[in-house]
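Asker: For reference, the file target_36.txt (compact mmCIF, C-alpha atoms) is included below:
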# COMPACT_ATOMS: atom_id res chain seq x y z
CA MET V 1 131.54 84.28 97.69
CA LYS V 2 132.03 85.36 94.10
CA TYR V 3 130.57 88.54 92.66
CA MET V 4 129.06 89.64 89.35
CA LYS V 5 127.45 92.66 87.73
CA GLY V 6 123.87 93.61 88.32
CA VAL V 7 121.53 96.60 88.54
CA VAL V 8 120.83 97.77 92.10
CA ILE V 9 118.72 100.45 93.77
CA THR V 10 121.09 102.95 95.37
CA GLY V 11 118.55 105.39 96.79
CA GLN V 12 115.28 107.15 96.10
CA ASN V 13 114.72 107.25 92.32
CA THR V 14 118.27 106.06 91.60
CA LEU V 15 119.73 102.87 90.17
CA ALA V 16 123.23 101.88 89.15
CA VAL V 17 125.18 98.97 87.69
CA SER V 18 127.17 97.32 90.49
CA ASP V 19 129.93 94.70 90.29
CA ARG V 20 129.24 93.49 93.88
CA CYS V 21 126.19 91.31 93.34
CA PRO V 22 126.68 87.89 94.99
CA LEU V 23 127.15 84.76 92.91
CA PRO V 24 127.16 81.47 94.85
CA GLU V 25 130.15 79.24 94.22
CA LYS V 26 128.12 76.08 94.71
CA LEU V 27 124.54 75.35 93.63
CA CYS V 28 122.07 73.48 95.79
CA PRO V 29 121.20 70.08 94.23
CA THR V 30 117.87 71.31 92.79
CA GLY V 31 119.21 74.70 91.67
CA ALA V 32 120.27 76.25 88.39
CA LEU V 33 122.10 79.25 87.00
CA ILE V 34 120.41 81.05 84.10
CA ARG V 35 122.06 83.59 81.83
CA PRO V 36 119.44 86.26 81.05
CA LEU V 37 118.57 86.78 77.40
CA ILE V 38 115.88 89.42 77.92
CA TRP V 39 114.64 91.48 80.87
CA PRO V 40 111.47 93.58 81.28
CA PRO V 41 111.45 96.08 84.17
CA CYS V 42 108.19 96.19 86.09
CA THR V 43 106.06 98.77 87.86
CA SER V 44 106.80 96.94 91.14
CA ASP V 45 110.53 97.56 90.62
CA ALA V 46 109.77 101.20 89.89
CA HIS V 47 107.69 101.58 93.06
CA LEU V 48 110.59 100.24 95.12
CA CYS V 49 113.01 102.55 93.38
CA ALA V 50 110.75 105.58 93.79
CA THR V 51 110.62 105.02 97.56
CA GLY V 52 114.25 104.01 97.96
CA CYS V 53 113.10 100.56 99.18
CA ALA V 54 111.31 102.18 102.14
CA SER V 55 109.02 99.18 102.62
CA LEU V 56 111.73 96.55 101.99
CA PRO V 57 114.94 98.25 103.19
CA TYR V 58 117.03 95.07 102.90
CA LEU V 59 116.77 95.41 99.11
CA LEU V 60 118.76 98.64 99.01
CA GLY V 61 122.03 97.91 97.24
CA LYS V 62 120.88 94.46 96.05
CA ALA V 63 120.05 93.47 92.49
CA VAL V 64 116.43 94.15 91.58
CA GLY V 65 114.19 92.64 88.94
CA HIS V 66 111.93 89.59 88.93
CA GLU V 67 111.06 89.00 85.26
CA MET V 68 113.36 87.29 82.80
CA CYS V 69 113.86 84.61 80.16
CA GLY V 70 117.24 83.04 79.70
CA GLU V 71 119.47 80.08 78.92
CA ILE V 72 120.53 77.53 81.50
CA VAL V 73 124.30 77.46 82.00
CA LYS V 74 124.55 75.16 85.03
CA THR V 75 122.30 72.76 86.95
CA GLY V 76 122.46 71.01 90.29
CA ALA V 77 122.81 67.23 90.56
CA ASP V 78 119.10 66.70 91.29
CA VAL V 79 117.70 68.71 88.37
CA HIS V 80 116.03 66.14 86.10
CA ASP V 81 113.86 67.95 83.55
CA PHE V 82 116.19 70.68 82.32
CA GLN V 83 119.72 70.76 80.97
CA VAL V 84 122.42 73.23 80.03
CA GLY V 85 121.45 75.11 76.88
CA ASP V 86 117.68 75.02 77.44
CA LYS V 87 115.97 78.35 76.83
CA VAL V 88 113.51 78.89 79.62
CA ILE V 89 110.86 81.12 81.15
CA VAL V 90 111.89 81.89 84.72
CA CYS V 91 109.24 81.99 87.43
CA SER V 92 108.71 85.47 88.85
CA VAL V 93 107.59 84.58 92.39
CA MET V 94 109.38 81.25 93.05
CA PRO V 95 106.89 79.31 95.21
CA VAL V 96 108.45 76.88 97.69
CA TRP V 97 106.75 73.66 96.71
CA ARG V 98 108.00 71.73 99.77
CA SER V 99 106.05 73.90 102.21
CA MET V 100 102.94 73.69 104.33
CA GLU V 101 101.42 76.46 102.22
CA ALA V 102 101.90 74.37 99.08
CA GLN V 103 100.23 71.40 100.75
CA ASP V 104 97.34 73.70 101.64
CA GLY V 105 96.95 74.76 98.00
CA ARG V 106 98.46 78.21 98.58
CA ALA V 107 102.01 77.77 97.26
CA LYS V 108 102.49 81.39 96.25
CA GLN V 109 102.08 82.46 99.88
CA HIS V 110 105.52 80.96 100.62
CA GLN V 111 108.02 82.29 98.11
CA ASP V 112 111.75 81.99 97.60
CA ASN V 113 112.49 85.25 95.84
CA MET V 114 113.84 88.63 96.86
CA TYR V 115 110.43 90.22 97.45
CA ALA V 116 109.31 87.57 99.94
CA GLY V 117 110.40 89.53 103.03
CA VAL V 118 113.66 87.60 103.54
CA ASP V 119 117.16 88.97 102.94
CA TYR V 120 118.99 86.24 101.04
CA PRO V 121 122.74 86.94 101.34
CA ASP V 122 123.66 84.75 98.35
CA ARG V 123 121.37 86.27 95.71
CA GLY V 124 119.10 89.08 94.66
CA GLY V 125 116.88 89.88 91.72
CA SER V 126 117.01 88.96 88.05
CA PHE V 127 118.87 92.02 86.70
CA VAL V 128 122.20 90.19 86.96
CA GLU V 129 124.69 88.38 84.76
CA LEU V 130 123.66 84.97 86.13
CA TYR V 131 120.39 84.36 87.97
CA TYR V 132 120.43 81.68 90.66
CA ILE V 133 117.22 79.80 91.44
CA ARG V 134 116.95 76.94 93.92
CA ASP V 135 114.18 74.79 92.40
CA ALA V 136 114.69 74.53 88.66
CA ASP V 137 112.32 71.63 87.93
CA MET V 138 109.40 73.38 89.63
CA ASN V 139 109.98 77.03 88.70
CA LEU V 140 111.19 76.96 85.09
CA ALA V 141 109.35 76.23 81.84
CA LYS V 142 110.83 75.60 78.42
CA ILE V 143 109.95 78.16 75.76
CA PRO V 144 107.77 76.36 73.20
CA ASP V 145 108.71 76.22 69.54
CA GLY V 146 107.40 79.25 67.69
CA VAL V 147 107.20 81.45 70.81
CA THR V 148 109.60 84.39 70.71
CA LEU V 149 111.60 85.81 73.61
CA GLU V 150 109.46 88.95 73.53
CA GLN V 151 106.34 86.85 73.91
CA ALA V 152 107.75 84.47 76.51
CA VAL V 153 109.09 87.19 78.80
CA MET V 154 105.56 88.53 79.33
CA VAL V 155 104.56 85.23 80.93
CA PRO V 156 106.28 85.29 84.38
CA ASP V 157 104.46 88.36 85.74
CA MET V 158 102.22 90.14 83.25
CA MET V 159 100.28 87.06 82.18
CA CYS V 160 100.57 85.05 85.39
CA THR V 161 99.33 88.01 87.46
CA ALA V 162 96.51 89.11 85.17
CA PHE V 163 95.17 85.64 84.41
CA GLU V 164 95.22 84.71 88.12
CA GLY V 165 93.21 87.87 88.76
CA ALA V 166 90.63 87.15 86.08
CA GLN V 167 90.28 83.59 87.31
CA ALA V 168 89.66 84.82 90.87
CA LEU V 169 86.55 86.69 89.66
CA ASN V 170 84.75 83.37 89.16
CA MET V 171 83.03 85.13 86.30
CA LYS V 172 79.96 83.89 84.47
CA PHE V 173 79.69 84.14 80.69
CA GLY V 174 78.44 87.52 79.57
CA GLN V 175 79.15 89.33 82.82
CA SER V 176 80.65 92.81 82.73
CA VAL V 177 84.20 93.65 83.83
CA ALA V 178 85.85 97.00 84.48
CA VAL V 179 89.65 96.99 84.41
CA LEU V 180 90.85 100.05 86.32
CA GLY V 181 94.35 100.89 85.11
CA VAL V 182 95.35 99.54 81.70
CA GLY V 183 99.10 99.39 81.93
CA PRO V 184 100.68 96.05 80.97
CA VAL V 185 98.98 93.99 83.71
CA GLY V 186 95.66 95.71 83.09
CA LEU V 187 95.90 95.04 79.38
CA MET V 188 96.58 91.37 80.05
CA ALA V 189 93.57 91.41 82.40
CA VAL V 190 91.46 92.75 79.54
CA ARG V 191 92.55 89.86 77.35
CA ALA V 192 92.05 87.34 80.15
CA ALA V 193 88.53 88.64 80.83
CA VAL V 194 87.65 88.32 77.15
CA LEU V 195 88.94 84.73 77.07
CA GLN V 196 86.90 84.04 80.25
CA GLY V 197 83.74 85.01 78.37
CA ALA V 198 83.11 88.56 79.60
CA GLY V 199 80.46 90.69 77.88
CA ASN V 200 81.12 94.39 78.39
CA VAL V 201 84.80 95.00 79.12
CA PHE V 202 85.64 98.53 80.24
CA ALA V 203 89.30 99.52 79.86
CA ILE V 204 89.90 102.52 82.15
CA GLY V 205 93.04 104.57 81.57
CA SER V 206 94.21 107.73 79.84
CA ARG V 207 97.00 106.87 77.39
CA GLN V 208 96.12 106.34 73.76
CA VAL V 209 98.93 103.79 73.32
CA CYS V 210 97.25 101.60 75.95
CA PHE V 211 93.74 102.16 74.59
CA ASP V 212 94.91 100.99 71.16
CA VAL V 213 96.13 97.68 72.57
CA ALA V 214 93.06 97.31 74.81
CA LYS V 215 90.86 97.53 71.73
CA GLU V 216 92.93 94.88 69.98
CA TYR V 217 92.60 92.64 73.04
CA GLY V 218 88.81 92.88 72.96
CA ALA V 219 87.82 95.80 75.21
CA THR V 220 84.33 97.00 74.31
CA HIS V 221 84.57 100.41 76.02
CA LEU V 222 87.57 102.74 76.41
CA ILE V 223 87.13 105.07 79.40
CA ASP V 224 89.34 108.05 80.23
CA TYR V 225 89.52 108.48 84.01
CA HIS V 226 90.30 112.17 83.56
CA ASN V 227 86.62 112.69 82.78
CA GLU V 228 85.01 113.69 86.08
CA ASP V 229 81.92 111.56 85.48
CA TYR V 230 83.71 108.48 84.17
CA ILE V 231 82.18 106.19 86.78
CA ASP V 232 78.69 107.46 85.93
CA GLN V 233 79.57 106.91 82.27
CA ILE V 234 80.47 103.27 82.96
CA VAL V 235 77.27 102.65 84.94
CA ARG V 236 75.23 104.31 82.21
CA GLU V 237 76.81 102.42 79.32
CA ASN V 238 76.64 99.12 81.19
CA GLY V 239 73.00 99.60 82.19
CA GLY V 240 73.96 99.52 85.85
CA PRO V 241 77.05 98.88 88.01
CA VAL V 242 79.47 96.30 86.66
CA ASP V 243 79.59 92.68 87.84
CA ASN V 244 83.36 92.64 88.34
CA VAL V 245 86.28 95.01 88.78
CA VAL V 246 89.98 94.29 88.34
CA LEU V 247 92.14 96.97 89.96
CA CYS V 248 95.52 97.23 88.24
CA GLY V 249 96.92 100.63 88.99
CA GLY V 250 96.77 103.95 90.76
CA SER V 251 97.08 104.79 94.43
CA GLU V 252 95.33 103.50 97.52
CA LYS V 253 92.27 105.68 96.80
CA GLU V 254 91.42 103.65 93.70
CA LEU V 255 89.98 100.86 95.84
CA SER V 256 87.00 103.03 96.78
CA LEU V 257 86.58 104.10 93.14
CA GLY V 258 86.52 100.46 92.06
CA LEU V 259 83.90 99.64 94.68
CA LYS V 260 81.80 102.60 93.55
CA MET V 261 81.34 101.16 90.06
CA LEU V 262 80.79 97.59 91.35
CA LYS V 263 77.32 96.17 91.86
CA ASN V 264 76.18 94.83 95.22
CA GLY V 265 77.21 91.18 95.33
CA GLY V 266 80.03 91.79 92.85
CA THR V 267 83.73 90.99 93.12
CA LEU V 268 86.73 93.32 93.06
CA VAL V 269 90.14 91.75 92.52
CA ASN V 270 93.12 93.93 93.42
CA LEU V 271 96.33 93.29 91.48
CA SER V 272 98.08 96.49 92.54
CA ALA V 273 101.06 96.55 94.88
CA TYR V 274 101.20 99.23 97.59
CA PHE V 275 104.68 100.01 98.89
CA SER V 276 104.08 103.43 100.46
CA ASN V 277 102.73 102.09 103.79
CA ALA V 278 99.76 104.48 103.47
CA SER V 279 96.35 103.43 104.78
CA ILE V 280 93.75 102.28 102.26
CA PRO V 281 90.49 104.18 102.76
CA ILE V 282 87.14 102.58 101.99
CA GLN V 283 84.17 104.90 101.91
CA PRO V 284 81.21 103.21 103.64
CA ALA V 285 78.69 104.14 100.94
CA VAL V 286 80.63 102.48 98.10
CA TRP V 287 80.86 99.30 100.16
CA GLY V 288 77.11 99.24 100.59
CA PHE V 289 77.63 100.61 104.12
CA GLY V 290 79.30 97.34 105.01
CA TYR V 291 76.49 95.05 103.94
CA GLY V 292 76.52 95.33 100.16
CA GLY V 293 77.86 91.82 99.67
CA LYS V 294 80.85 93.15 97.75
CA THR V 295 83.85 90.83 97.80
CA ILE V 296 87.39 92.23 97.79
CA LYS V 297 90.24 89.87 96.88
CA GLY V 298 93.92 90.71 96.95
CA VAL V 299 95.51 88.46 94.33
CA GLY V 300 99.23 88.08 93.68
CA CYS V 301 101.16 86.65 90.79
CA GLY V 302 100.89 82.90 90.42
CA GLY V 303 103.94 80.80 89.78
CA GLY V 304 105.37 77.40 89.10
CA ARG V 305 106.22 75.41 86.02
CA LEU V 306 102.67 74.25 85.32
CA LEU V 307 101.23 77.76 85.25
CA LEU V 308 104.14 79.09 83.18
CA SER V 309 103.65 76.26 80.69
CA ARG V 310 99.92 76.88 80.42
CA MET V 311 100.42 80.59 79.79
CA ALA V 312 103.05 79.80 77.15
CA GLN V 313 100.59 77.43 75.47
CA LEU V 314 98.04 80.23 75.19
CA ILE V 315 100.67 82.15 73.25
CA ALA V 316 101.68 79.17 71.12
CA SER V 317 98.04 78.56 70.18
CA GLY V 318 97.58 82.18 69.12
CA ARG V 319 95.05 83.13 71.79
CA VAL V 320 97.26 85.79 73.39
CA GLN V 321 99.72 88.15 71.69
CA PRO V 322 101.57 89.60 74.70
CA GLU V 323 104.29 91.16 72.57
CA LYS V 324 101.80 93.96 71.84
CA LEU V 325 102.65 95.27 75.33
CA ILE V 326 106.22 96.15 74.33
CA SER V 327 106.64 99.84 73.62
CA HIS V 328 110.41 100.32 74.08
CA ARG V 329 113.44 98.13 73.31
CA TYR V 330 116.97 98.47 74.65
CA HIS V 331 120.20 96.48 74.45
CA GLY V 332 122.66 95.78 77.27
CA MET V 333 122.41 95.68 81.06
CA GLU V 334 123.68 99.25 81.26
CA GLN V 335 120.41 100.39 79.67
CA ILE V 336 118.20 99.01 82.47
CA PRO V 337 118.33 102.26 84.52
CA GLU V 338 117.29 104.24 81.43
CA ALA V 339 114.38 101.87 80.85
CA MET V 340 113.36 102.22 84.51
CA ASP V 341 113.36 106.00 84.11
CA LEU V 342 110.39 105.60 81.78
CA PHE V 343 108.36 104.43 84.78
CA LEU V 344 109.81 106.96 87.20
CA ASN V 345 109.15 109.86 84.79
CA HIS V 346 105.64 108.62 83.92
CA ASP V 347 106.40 108.55 80.20
CA ARG V 348 103.03 108.51 78.41
CA SER V 349 104.39 106.48 75.51
CA LEU V 350 105.27 103.60 77.85
CA ILE V 351 103.53 100.28 78.17
CA LYS V 352 106.37 97.84 78.81
CA PRO V 353 110.07 98.07 77.97
CA VAL V 354 112.40 95.14 77.33
CA ILE V 355 116.19 94.98 77.44
CA TYR V 356 118.11 92.41 75.43
CA ASN V 357 121.24 91.08 77.13
CA ASP V 358 123.63 91.51 74.23
Rewrite the structure from the file as structure tokens, please.
Answerer:
Amino acid sequence: MKYMKGVVITGQNTLAVSDRCPLPEKLCPTGALIRPLIWPPCTSDAHLCATGCASLPYLLGKAVGHEMCGEIVKTGADVHDFQVGDKVIVCSVMPVWRSMEAQDGRAKQHQDNMYAGVDYPDRGGSFVELYYIRDADMNLAKIPDGVTLEQAVMVPDMMCTAFEGAQALNMKFGQSVAVLGVGPVGLMAVRAAVLQGAGNVFAIGSRQVCFDVAKEYGATHLIDYHNEDYIDQIVRENGGPVDNVVLCGGSEKELSLGLKMLKNGGTLVNLSAYFSNASIPIQPAVWGFGYGGKTIKGVGCGGGRLLLSRMAQLIASGRVQPEKLISHRYHGMEQIPEAMDLFLNHDRSLIKPVIYND
């Protein structure tokens, strides 16, 4: 086994650059090695770091990261649609397309990445010198002409997660949507809801930097959750509880808050990740005492070349400007821990940082 540099979680709230990240000497026939060109740390990475990988202990000391765009430097013998030198969007969740789950239409439920609950000894996350993936033709997409790296790197998780969530609402034109938590995924959910034909779109957060982007993306109402009566405000301004809720942030208690603003018969889609192993309370009254007809869906990031390509086409056609999410820019792998500190320290100027690999 060869080794390379990468950024690893070393303990609670601590990261470091390590030179002991595994690099396979031989690729599988469908695999590829990608040299990262740009990385964006994610809230999910920060949650793992904050807990010292308490929920996924096998990740301690392994490279983290799951978002990246890069350039192919090597391909396996059975890779047909990509070649060395291609600049590509790299799938965040890596569905296993030769699986029973894929045949059942649920490919993302069987994943081949570091967060899938399996300790892969030959690889880790994307914050490395060379990222090894085992199904290049199915989990890469070429960056279209005219799409920048900063735009493309928002596709693998921010867009693929948020647009999957909005799609799961099965929304009708003109229906109302409340997006609870307008960090980068929530902001993409605002844009996705607008493109899906939503009427009132409530962006619920507290940071002005996020509200500014939410307004640009088409939010009709900006709601500060620090106001004690913010849920009553939403119901009042909407003329009743909202048709749909997309939950994109906060702690386990936010589920009940989302249900409180949701009408009977409405749908709540949860896009948040919970790594603390705490129970999720649901107050009976906000669930209609169990018979309110409220649907709760837990939706994860979608993946695969087709979805990546479709998201990239939305950018190429000018319908989505995901680069508006970027609030901080860094250069060099050594700056990844500093960028992650923005999440860990709850920096109010943060939306999404990117790090160029130069």
Asker: Taking (133.7, 96.9, 89.4) as a centre in this file's frame and 9 Å as the limit, can you find every polymer residue with an atom that close, using all atoms listed in the file, and give them as a PyMOL selection string?
Answerer: chain V and resi 4-5+17-20
Asker: Hey, what's within 10 Å of Asp157 in chain V if we count only C-alpha atoms and toss same-chain stuff fewer than 2 positions away? As a list in words, please?
Answerer: Pro40, Cys42, His66, Glu67, Met68, Val90, Cys91, Ser92, Val93, Val153, Met154, Val155, Met159, Cys160, Thr161, Ala162, Phe163, Pro184, Val185, Gly300, Cys301, Gly302, Gly303 and Leu308 of chain V
Asker: Taking C-alpha atoms for each residue, export the selection above as a PDB file, in the frame of the given file.
Answerer:
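Ended up saving to selection_34.pdb:
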ATOM      1  CA  PRO V  40     111.470  93.580  81.280  1.00  0.00           C
ATOM      2  CA  CYS V  42     108.190  96.190  86.090  1.00  0.00           C
ATOM      3  CA  HIS V  66     111.930  89.590  88.930  1.00  0.00           C
ATOM      4  CA  GLU V  67     111.060  89.000  85.260  1.00  0.00           C
ATOM      5  CA  MET V  68     113.360  87.290  82.800  1.00  0.00           C
ATOM      6  CA  VAL V  90     111.890  81.890  84.720  1.00  0.00           C
ATOM      7  CA  CYS V  91     109.240  81.990  87.430  1.00  0.00           C
ATOM      8  CA  SER V  92     108.710  85.470  88.850  1.00  0.00           C
ATOM      9  CA  VAL V  93     107.590  84.580  92.390  1.00  0.00           C
ATOM     10  CA  VAL V 153     109.090  87.190  78.800  1.00  0.00           C
ATOM     11  CA  MET V 154     105.560  88.530  79.330  1.00  0.00           C
ATOM     12  CA  VAL V 155     104.560  85.230  80.930  1.00  0.00           C
ATOM     13  CA  MET V 159     100.280  87.060  82.180  1.00  0.00           C
ATOM     14  CA  CYS V 160     100.570  85.050  85.390  1.00  0.00           C
ATOM     15  CA  THR V 161      99.330  88.010  87.460  1.00  0.00           C
ATOM     16  CA  ALA V 162      96.510  89.110  85.170  1.00  0.00           C
ATOM     17  CA  PHE V 163      95.170  85.640  84.410  1.00  0.00           C
ATOM     18  CA  PRO V 184     100.680  96.050  80.970  1.00  0.00           C
ATOM     19  CA  VAL V 185      98.980  93.990  83.710  1.00  0.00           C
ATOM     20  CA  GLY V 300      99.230  88.080  93.680  1.00  0.00           C
ATOM     21  CA  CYS V 301     101.160  86.650  90.790  1.00  0.00           C
ATOM     22  CA  GLY V 302     100.890  82.900  90.420  1.00  0.00           C
ATOM     23  CA  GLY V 303     103.940  80.800  89.780  1.00  0.00           C
ATOM     24  CA  LEU V 308     104.140  79.090  83.180  1.00  0.00           C
TER      25      LEU V 308
END
Asker: Excluding Ser251 in chain V and its own-chain neighbours fewer than 4 positions away, which residues fall within 9 Å of it when counting only C-alpha atoms? Please give them as an NGL selection string.
Answerer: :V and (255 or 272 or 274 or 280)
Asker: Compile the contact shell of Ile351 in chain V as JSON, numbers by chain: residues with an atom at most 6 Å away, counting all atoms listed in the file, same-chain residues fewer than 3 positions apart removed.
Answerer: {"V": [183, 184, 325, 327]}
Asker: Just the residues within 9 Å of range 44-56 of chain V, please, counting only C-alpha atoms, with nothing from its chain fewer than 6 positions along; format it as a PyMOL selection string.
Answerer: chain V and resi 9-15+64-66+115+117+272-277+340-341+343-344
Asker: Mind pulling up the distance from CA of Val96 in chain V to CA of Lys108 in chain V?
Answerer: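 Taking CA of Lys108 in chain V and CA of Val96 in chain V, their separation equals 7.6 Å.
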